[in-house]
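Input: a single structure, listed below in structure tokens.
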Amino acid sequence: MLLLTIGEVEQYDSEKNEFIPPHPFTLKLEHSLLSISKWEAIWKKPFLHMRDEKTGEDTKTKEQTMSYVKCMTLNQNVPDDIYDLIGPYDMRKINDYINQEQTATWFTEPKGKNGDRTIVTSELIYYWLVAHQIPWEAQKWHLSRLYTLIQICNIKSDTKKKMSKTDLMSRNRNLNAARRAANQSKG
């Protein structure tokens, strides 16, 4: 969870020609499957695939980005004017938090090694939760932790292990011998 205190700096209201005293407010933010699911319900777009294919840059509008910050918010009944106080420095902190790897697990194979172009939406991730019998509480975890768990489940449940050449030849010899014996043939 990211705790982001905003409104700590004195503001100036140019219309009233007066300074507004600091009014600090701490937002509790979580980048999670639940947050993404709320955002996708609002915008009807796949959150994780809103990137420029050439540059990899995020293509969300400022309005969509601020909407995601609101979806990430765990505090109840936050006034909209609080979000108006989020500045560029705060947005960098939020983006850094979103991009963090919050796990000690690492993999030797690169992600997406087979060039899979599947568009990942919140519903697909929920399917993975169900398929791997991952508890629903995991929808509130930081997304990098959840992805890591899903990858581990995929690796551990992968039954398509390649046989070594020796094992394959041994298996084939045994199958051929069994067939010869069943058919009473010599070859």
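In the structure tokens, the first chain shown is A, the next is B, and so on; residue numbers restart at 1 for each chain, and ligands run from 1 in the order shown.
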
Which residues in region 46-155 of chain A does DSSP call alpha helix (DSSP H)? List them as an mmCIF file with N, CA and C atoms, in the first residue's frame.
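What ended up in out-v1.cif:
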data_model
loop_
_atom_site.group_PDB
_atom_site.id
_atom_site.type_symbol
_atom_site.label_atom_id
_atom_site.label_comp_id
_atom_site.auth_asym_id
_atom_site.auth_seq_id
_atom_site.Cartn_x
_atom_site.Cartn_y
_atom_site.Cartn_z
ATOM 1 N N LYS A 62 -5.102 12.117 -19.055
ATOM 2 C CA LYS A 62 -4.986 12.586 -17.667
ATOM 3 C C LYS A 62 -6.243 12.209 -16.884
ATOM 4 N N GLU A 63 -7.387 12.318 -17.551
ATOM 5 C CA GLU A 63 -8.659 11.980 -16.902
ATOM 6 C C GLU A 63 -8.697 10.484 -16.545
ATOM 7 N N GLN A 64 -8.227 9.615 -17.458
ATOM 8 C CA GLN A 64 -8.206 8.180 -17.195
ATOM 9 C C GLN A 64 -7.212 7.842 -16.086
ATOM 10 N N THR A 65 -6.078 8.533 -16.085
ATOM 11 C CA THR A 65 -5.071 8.294 -15.063
ATOM 12 C C THR A 65 -5.597 8.693 -13.690
ATOM 13 N N MET A 66 -6.211 9.862 -13.590
ATOM 14 C CA MET A 66 -6.764 10.300 -12.311
ATOM 15 C C MET A 66 -7.909 9.389 -11.880
ATOM 16 N N SER A 67 -8.655 8.887 -12.837
ATOM 17 C CA SER A 67 -9.719 7.930 -12.532
ATOM 18 C C SER A 67 -9.122 6.674 -11.901
ATOM 19 N N TYR A 68 -7.957 6.227 -12.407
ATOM 20 C CA TYR A 68 -7.324 5.041 -11.820
ATOM 21 C C TYR A 68 -6.848 5.325 -10.403
ATOM 22 N N VAL A 69 -6.327 6.514 -10.159
ATOM 23 C CA VAL A 69 -5.906 6.877 -8.800
ATOM 24 C C VAL A 69 -7.121 6.792 -7.864
ATOM 25 N N LYS A 70 -8.259 7.247 -8.323
ATOM 26 C CA LYS A 70 -9.485 7.160 -7.510
ATOM 27 C C LYS A 70 -9.876 5.698 -7.281
ATOM 28 N N CYS A 71 -9.703 4.854 -8.298
ATOM 29 C CA CYS A 71 -10.014 3.428 -8.155
ATOM 30 C C CYS A 71 -9.043 2.743 -7.196
ATOM 31 N N MET A 72 -7.826 3.249 -7.106
ATOM 32 C CA MET A 72 -6.817 2.699 -6.200
ATOM 33 C C MET A 72 -7.064 3.096 -4.748
ATOM 34 N N ASP A 80 -13.540 15.160 -3.969
ATOM 35 C CA ASP A 80 -12.874 15.274 -5.272
ATOM 36 C C ASP A 80 -11.777 16.330 -5.275
ATOM 37 N N ASP A 81 -11.937 17.398 -4.476
ATOM 38 C CA ASP A 81 -10.927 18.453 -4.493
ATOM 39 C C ASP A 81 -9.587 17.982 -3.932
ATOM 40 N N ILE A 82 -9.568 16.894 -3.192
ATOM 41 C CA ILE A 82 -8.309 16.323 -2.697
ATOM 42 C C ILE A 82 -7.473 15.841 -3.883
ATOM 43 N N TYR A 83 -8.118 15.223 -4.864
ATOM 44 C CA TYR A 83 -7.404 14.712 -6.037
ATOM 45 C C TYR A 83 -6.836 15.854 -6.879
ATOM 46 N N PRO A 88 2.708 16.768 -10.027
ATOM 47 C CA PRO A 88 3.612 15.890 -10.795
ATOM 48 C C PRO A 88 4.507 15.017 -9.902
ATOM 49 N N TYR A 89 4.995 15.593 -8.800
ATOM 50 C CA TYR A 89 5.848 14.814 -7.890
ATOM 51 C C TYR A 89 5.060 13.640 -7.302
ATOM 52 N N ASP A 90 3.806 13.899 -6.908
ATOM 53 C CA ASP A 90 2.950 12.846 -6.362
ATOM 54 C C ASP A 90 2.655 11.782 -7.419
ATOM 55 N N MET A 91 2.428 12.214 -8.664
ATOM 56 C CA MET A 91 2.159 11.258 -9.739
ATOM 57 C C MET A 91 3.374 10.363 -10.001
ATOM 58 N N ARG A 92 4.583 10.925 -9.890
ATOM 59 C CA ARG A 92 5.801 10.106 -10.047
ATOM 60 C C ARG A 92 5.846 9.036 -8.953
ATOM 61 N N LYS A 93 5.499 9.432 -7.727
ATOM 62 C CA LYS A 93 5.480 8.469 -6.624
ATOM 63 C C LYS A 93 4.448 7.365 -6.883
ATOM 64 N N ILE A 94 3.297 7.748 -7.390
ATOM 65 C CA ILE A 94 2.251 6.763 -7.695
ATOM 66 C C ILE A 94 2.718 5.825 -8.802
ATOM 67 N N ASN A 95 3.299 6.369 -9.876
ATOM 68 C CA ASN A 95 3.792 5.529 -10.983
ATOM 69 C C ASN A 95 4.921 4.619 -10.536
ATOM 70 N N ASP A 96 5.827 5.133 -9.702
ATOM 71 C CA ASP A 96 6.905 4.289 -9.170
ATOM 72 C C ASP A 96 6.325 3.124 -8.375
ATOM 73 N N TYR A 97 5.319 3.420 -7.579
ATOM 74 C CA TYR A 97 4.664 2.380 -6.783
ATOM 75 C C TYR A 97 3.990 1.338 -7.682
ATOM 76 N N ILE A 98 3.291 1.796 -8.703
ATOM 77 C CA ILE A 98 2.621 0.878 -9.637
ATOM 78 C C ILE A 98 3.634 -0.038 -10.313
ATOM 79 N N ASN A 99 4.799 0.490 -10.665
ATOM 80 C CA ASN A 99 5.806 -0.276 -11.405
ATOM 81 C C ASN A 99 6.731 -1.100 -10.520
ATOM 82 N N SER A 122 -9.026 -7.650 -16.531
ATOM 83 C CA SER A 122 -9.264 -8.089 -15.150
ATOM 84 C C SER A 122 -10.007 -9.432 -15.131
ATOM 85 N N GLU A 123 -10.921 -9.644 -16.081
ATOM 86 C CA GLU A 123 -11.665 -10.905 -16.105
ATOM 87 C C GLU A 123 -10.745 -12.099 -16.363
ATOM 88 N N LEU A 124 -9.752 -11.922 -17.211
ATOM 89 C CA LEU A 124 -8.806 -13.009 -17.467
ATOM 90 C C LEU A 124 -7.993 -13.313 -16.208
ATOM 91 N N ILE A 125 -7.592 -12.286 -15.505
ATOM 92 C CA ILE A 125 -6.841 -12.511 -14.261
ATOM 93 C C ILE A 125 -7.736 -13.192 -13.224
ATOM 94 N N TYR A 126 -9.006 -12.785 -13.154
ATOM 95 C CA TYR A 126 -9.936 -13.471 -12.246
ATOM 96 C C TYR A 126 -10.082 -14.949 -12.645
ATOM 97 N N TYR A 127 -10.096 -15.224 -13.941
ATOM 98 C CA TYR A 127 -10.140 -16.619 -14.394
ATOM 99 C C TYR A 127 -8.926 -17.384 -13.858
ATOM 100 N N TRP A 128 -7.747 -16.762 -13.944
ATOM 101 C CA TRP A 128 -6.539 -17.424 -13.438
ATOM 102 C C TRP A 128 -6.658 -17.691 -11.937
ATOM 103 N N LEU A 129 -7.278 -16.771 -11.199
ATOM 104 C CA LEU A 129 -7.484 -17.001 -9.761
ATOM 105 C C LEU A 129 -8.317 -18.261 -9.556
ATOM 106 N N VAL A 130 -9.411 -18.368 -10.320
ATOM 107 C CA VAL A 130 -10.296 -19.516 -10.194
ATOM 108 C C VAL A 130 -9.577 -20.792 -10.639
ATOM 109 N N ALA A 131 -8.912 -20.734 -11.791
ATOM 110 C CA ALA A 131 -8.248 -21.921 -12.344
ATOM 111 C C ALA A 131 -7.172 -22.473 -11.404
ATOM 112 N N LEU A 143 -0.445 -5.800 -7.706
ATOM 113 C CA LEU A 143 -0.570 -6.616 -8.913
ATOM 114 C C LEU A 143 0.694 -7.423 -9.225
ATOM 115 N N SER A 144 1.869 -6.888 -8.930
ATOM 116 C CA SER A 144 3.096 -7.644 -9.233
ATOM 117 C C SER A 144 3.175 -8.925 -8.404
ATOM 118 N N ARG A 145 2.727 -8.876 -7.147
ATOM 119 C CA ARG A 145 2.706 -10.084 -6.305
ATOM 120 C C ARG A 145 1.730 -11.104 -6.864
ATOM 121 N N LEU A 146 0.563 -10.651 -7.279
ATOM 122 C CA LEU A 146 -0.441 -11.557 -7.822
ATOM 123 C C LEU A 146 0.048 -12.205 -9.115
ATOM 124 N N TYR A 147 0.631 -11.401 -10.001
ATOM 125 C CA TYR A 147 1.185 -11.941 -11.250
ATOM 126 C C TYR A 147 2.255 -12.995 -10.970
ATOM 127 N N THR A 148 3.105 -12.727 -9.996
ATOM 128 C CA THR A 148 4.162 -13.670 -9.649
ATOM 129 C C THR A 148 3.563 -14.984 -9.167
ATOM 130 N N LEU A 149 2.548 -14.911 -8.319
ATOM 131 C CA LEU A 149 1.898 -16.128 -7.841
ATOM 132 C C LEU A 149 1.275 -16.908 -9.000
ATOM 133 N N ILE A 150 0.638 -16.202 -9.920
ATOM 134 C CA ILE A 150 0.030 -16.866 -11.075
ATOM 135 C C ILE A 150 1.105 -17.542 -11.923
ATOM 136 N N GLN A 151 2.240 -16.864 -12.126
ATOM 137 C CA GLN A 151 3.341 -17.466 -12.891
ATOM 138 C C GLN A 151 3.852 -18.727 -12.209
ATOM 139 N N ILE A 152 3.997 -18.670 -10.894
ATOM 140 C CA ILE A 152 4.453 -19.846 -10.145
ATOM 141 C C ILE A 152 3.453 -20.991 -10.292
ATOM 142 N N CYS A 153 2.167 -20.688 -10.173
ATOM 143 C CA CYS A 153 1.139 -21.724 -10.349
ATOM 144 C C CYS A 153 1.214 -22.331 -11.741
ATOM 145 N N ASN A 154 1.426 -21.498 -12.759
ATOM 146 C CA ASN A 154 1.552 -22.004 -14.132
ATOM 147 C C ASN A 154 2.753 -22.927 -14.268
ATOM 148 N N ILE A 155 3.871 -22.536 -13.690
ATOM 149 C CA ILE A 155 5.094 -23.346 -13.789
ATOM 150 C C ILE A 155 4.929 -24.662 -13.050
#

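The shell of residues at most 9 Å from Lys28 (chain A), with only C-alpha atoms counted and near chain neighbours (fewer than 3 positions) removed, consists of Met1, Leu2, Leu3, Leu4, Thr5, Met72, Thr73, Leu74 and Asn75 of chain A.
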
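On the backbone of this structure, DSSP gives strand (DSSP E or B) within region 40-182 of chain A to Arg51, Asp58, Thr73 and His142 of chain A.
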
I'd like to know which of A:Asn172, A:His31, A:Ser14, A:Lys186 is closest to Gln100 (chain A), using only C-alpha atoms. A:His31

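The space separating CA of Lys45 (chain A) from CA of His142 (chain A) comes to 20.3 Å.
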